[in-house]
Amino acid sequence: MKRALSVYGEVLRLVRKLPKDSRPYYSKYARENFVNYREVEPNDPKELDELFNRAYVHSTWVLKKYSVDQSAADKLKGICSG
């Protein structure tokens, strides 16, 4: 649970690096995704790793879309890697 909260917090920090007009959409999108997966079995490390990797990949895609340096997601990568 702690790792999931760290990933969520870091995703929200990355949202702050996006253009102001796109922040509400992506912060809502992040919240909805984390809420949708709250039923995931916390004792299944494979499934959690897959979800965290998806969060990282999607975050870097969004950063690239808005021409934000993808190295901003290095901390998220570390958290997602475990």
# chains A, B, ... in the order shown; residues from 1 in each chain; ligands from 1
>>> residues_around(residues="range 44-51 of chain A", least_positions_apart="5", cutoff="9 Å", atoms="only C-alpha atoms", output="JSON, numbers by chain")
{"A": [4, 37, 56, 80, 81, 82]}
>>> atom_distance(atom1="CA of Ala72 in chain A", atom2="CA of Lys28 in chain A")
20.0 Å
>>> closest_residue(among="A:Pro19, A:Glu41, A:Asn36, A:Pro24", to="Val68 in chain A", atoms="only C-alpha atoms")
A:Pro19
>>> closest_residue(among="A:Tyr8, A:Val15, A:Lys20, A:Trp61", to="Glu32 in chain A", atoms="only C-alpha atoms")
A:Tyr8
>>> residues_around(residues="Ile79 in chain A", least_positions_apart="2", cutoff="8 Å", atoms="only C-alpha atoms", output="list of chain:residue names")
A:Arg3, A:Ser6, A:Val7, A:Lys75, A:Leu76, A:Lys77, A:Ser81, A:Gly82
>>> select_by_dssp(residues="range 7-56 of chain A", states="alpha helix (DSSP H)", output="count of residues only")
35
>>> atom_distance(atom1="CA of Ala73 in chain A", atom2="CA of Arg38 in chain A")
22.8 Å
>>> atom_distance(atom1="CA of Arg23 in chain A", atom2="CA of Asn53 in chain A")
21.5 Å
>>> decode(residues="range 18-75 of chain A", atoms="C-alpha atoms", output="PDB file, in the first residue's frame")
ATOM      1  CA  LEU A  18       2.607  19.822 -17.399  1.00  0.00           C
ATOM      2  CA  PRO A  19       1.068  22.949 -18.928  1.00  0.00           C
ATOM      3  CA  LYS A  20      -1.457  24.519 -16.580  1.00  0.00           C
ATOM      4  CA  ASP A  21      -4.473  23.863 -18.798  1.00  0.00           C
ATOM      5  CA  SER A  22      -3.785  20.112 -18.989  1.00  0.00           C
ATOM      6  CA  ARG A  23      -3.174  19.514 -15.265  1.00  0.00           C
ATOM      7  CA  PRO A  24      -6.811  19.054 -14.174  1.00  0.00           C
ATOM      8  CA  TYR A  25      -7.399  16.379 -16.809  1.00  0.00           C
ATOM      9  CA  TYR A  26      -4.297  14.343 -15.953  1.00  0.00           C
ATOM     10  CA  SER A  27      -4.684  14.635 -12.186  1.00  0.00           C
ATOM     11  CA  LYS A  28      -8.270  13.400 -12.502  1.00  0.00           C
ATOM     12  CA  TYR A  29      -7.133  10.648 -14.881  1.00  0.00           C
ATOM     13  CA  ALA A  30      -4.469   9.505 -12.412  1.00  0.00           C
ATOM     14  CA  ARG A  31      -6.914   9.461  -9.508  1.00  0.00           C
ATOM     15  CA  GLU A  32      -9.513   7.502 -11.472  1.00  0.00           C
ATOM     16  CA  ASN A  33      -6.932   4.911 -12.489  1.00  0.00           C
ATOM     17  CA  PHE A  34      -5.660   4.413  -8.962  1.00  0.00           C
ATOM     18  CA  VAL A  35      -9.238   4.149  -7.664  1.00  0.00           C
ATOM     19  CA  ASN A  36     -10.147   1.634 -10.385  1.00  0.00           C
ATOM     20  CA  TYR A  37      -7.294  -0.660  -9.330  1.00  0.00           C
ATOM     21  CA  ARG A  38      -7.808  -0.471  -5.563  1.00  0.00           C
ATOM     22  CA  GLU A  39      -9.219  -4.006  -5.622  1.00  0.00           C
ATOM     23  CA  VAL A  40      -5.914  -5.462  -6.834  1.00  0.00           C
ATOM     24  CA  GLU A  41      -4.590  -8.109  -4.491  1.00  0.00           C
ATOM     25  CA  PRO A  42      -1.824  -6.394  -2.482  1.00  0.00           C
ATOM     26  CA  ASN A  43      -0.030  -9.718  -1.990  1.00  0.00           C
ATOM     27  CA  ASP A  44       0.401 -10.302  -5.732  1.00  0.00           C
ATOM     28  CA  PRO A  45       3.751  -8.658  -6.532  1.00  0.00           C
ATOM     29  CA  LYS A  46       3.590  -9.570 -10.231  1.00  0.00           C
ATOM     30  CA  GLU A  47       0.279  -7.778 -10.736  1.00  0.00           C
ATOM     31  CA  LEU A  48       1.427  -4.766  -8.718  1.00  0.00           C
ATOM     32  CA  ASP A  49       4.682  -4.524 -10.654  1.00  0.00           C
ATOM     33  CA  GLU A  50       2.730  -4.623 -13.903  1.00  0.00           C
ATOM     34  CA  LEU A  51       0.448  -1.792 -12.751  1.00  0.00           C
ATOM     35  CA  PHE A  52       3.351   0.308 -11.504  1.00  0.00           C
ATOM     36  CA  ASN A  53       5.230  -0.222 -14.755  1.00  0.00           C
ATOM     37  CA  ARG A  54       2.124   0.870 -16.662  1.00  0.00           C
ATOM     38  CA  ALA A  55       1.966   4.030 -14.517  1.00  0.00           C
ATOM     39  CA  TYR A  56       5.609   4.790 -15.331  1.00  0.00           C
ATOM     40  CA  VAL A  57       5.264   4.123 -19.071  1.00  0.00           C
ATOM     41  CA  HIS A  58       2.120   6.205 -19.339  1.00  0.00           C
ATOM     42  CA  SER A  59       3.687   9.043 -17.335  1.00  0.00           C
ATOM     43  CA  THR A  60       6.726   9.195 -19.596  1.00  0.00           C
ATOM     44  CA  TRP A  61       4.440   9.157 -22.644  1.00  0.00           C
ATOM     45  CA  VAL A  62       2.509  12.157 -21.299  1.00  0.00           C
ATOM     46  CA  LEU A  63       5.721  14.010 -20.444  1.00  0.00           C
ATOM     47  CA  LYS A  64       7.005  13.395 -23.963  1.00  0.00           C
ATOM     48  CA  LYS A  65       3.707  14.559 -25.447  1.00  0.00           C
ATOM     49  CA  TYR A  66       4.111  17.921 -23.712  1.00  0.00           C
ATOM     50  CA  SER A  67       7.882  18.110 -24.350  1.00  0.00           C
ATOM     51  CA  VAL A  68       8.752  17.834 -20.670  1.00  0.00           C
ATOM     52  CA  ASP A  69      12.151  16.311 -19.960  1.00  0.00           C
ATOM     53  CA  GLN A  70      11.483  12.643 -19.295  1.00  0.00           C
ATOM     54  CA  SER A  71      14.252  12.540 -16.704  1.00  0.00           C
ATOM     55  CA  ALA A  72      11.667  14.184 -14.446  1.00  0.00           C
ATOM     56  CA  ALA A  73      10.209  10.674 -14.109  1.00  0.00           C
ATOM     57  CA  ASP A  74      13.450   9.124 -12.797  1.00  0.00           C
ATOM     58  CA  LYS A  75      12.170   9.091  -9.222  1.00  0.00           C
TER      59      LYS A  75
END
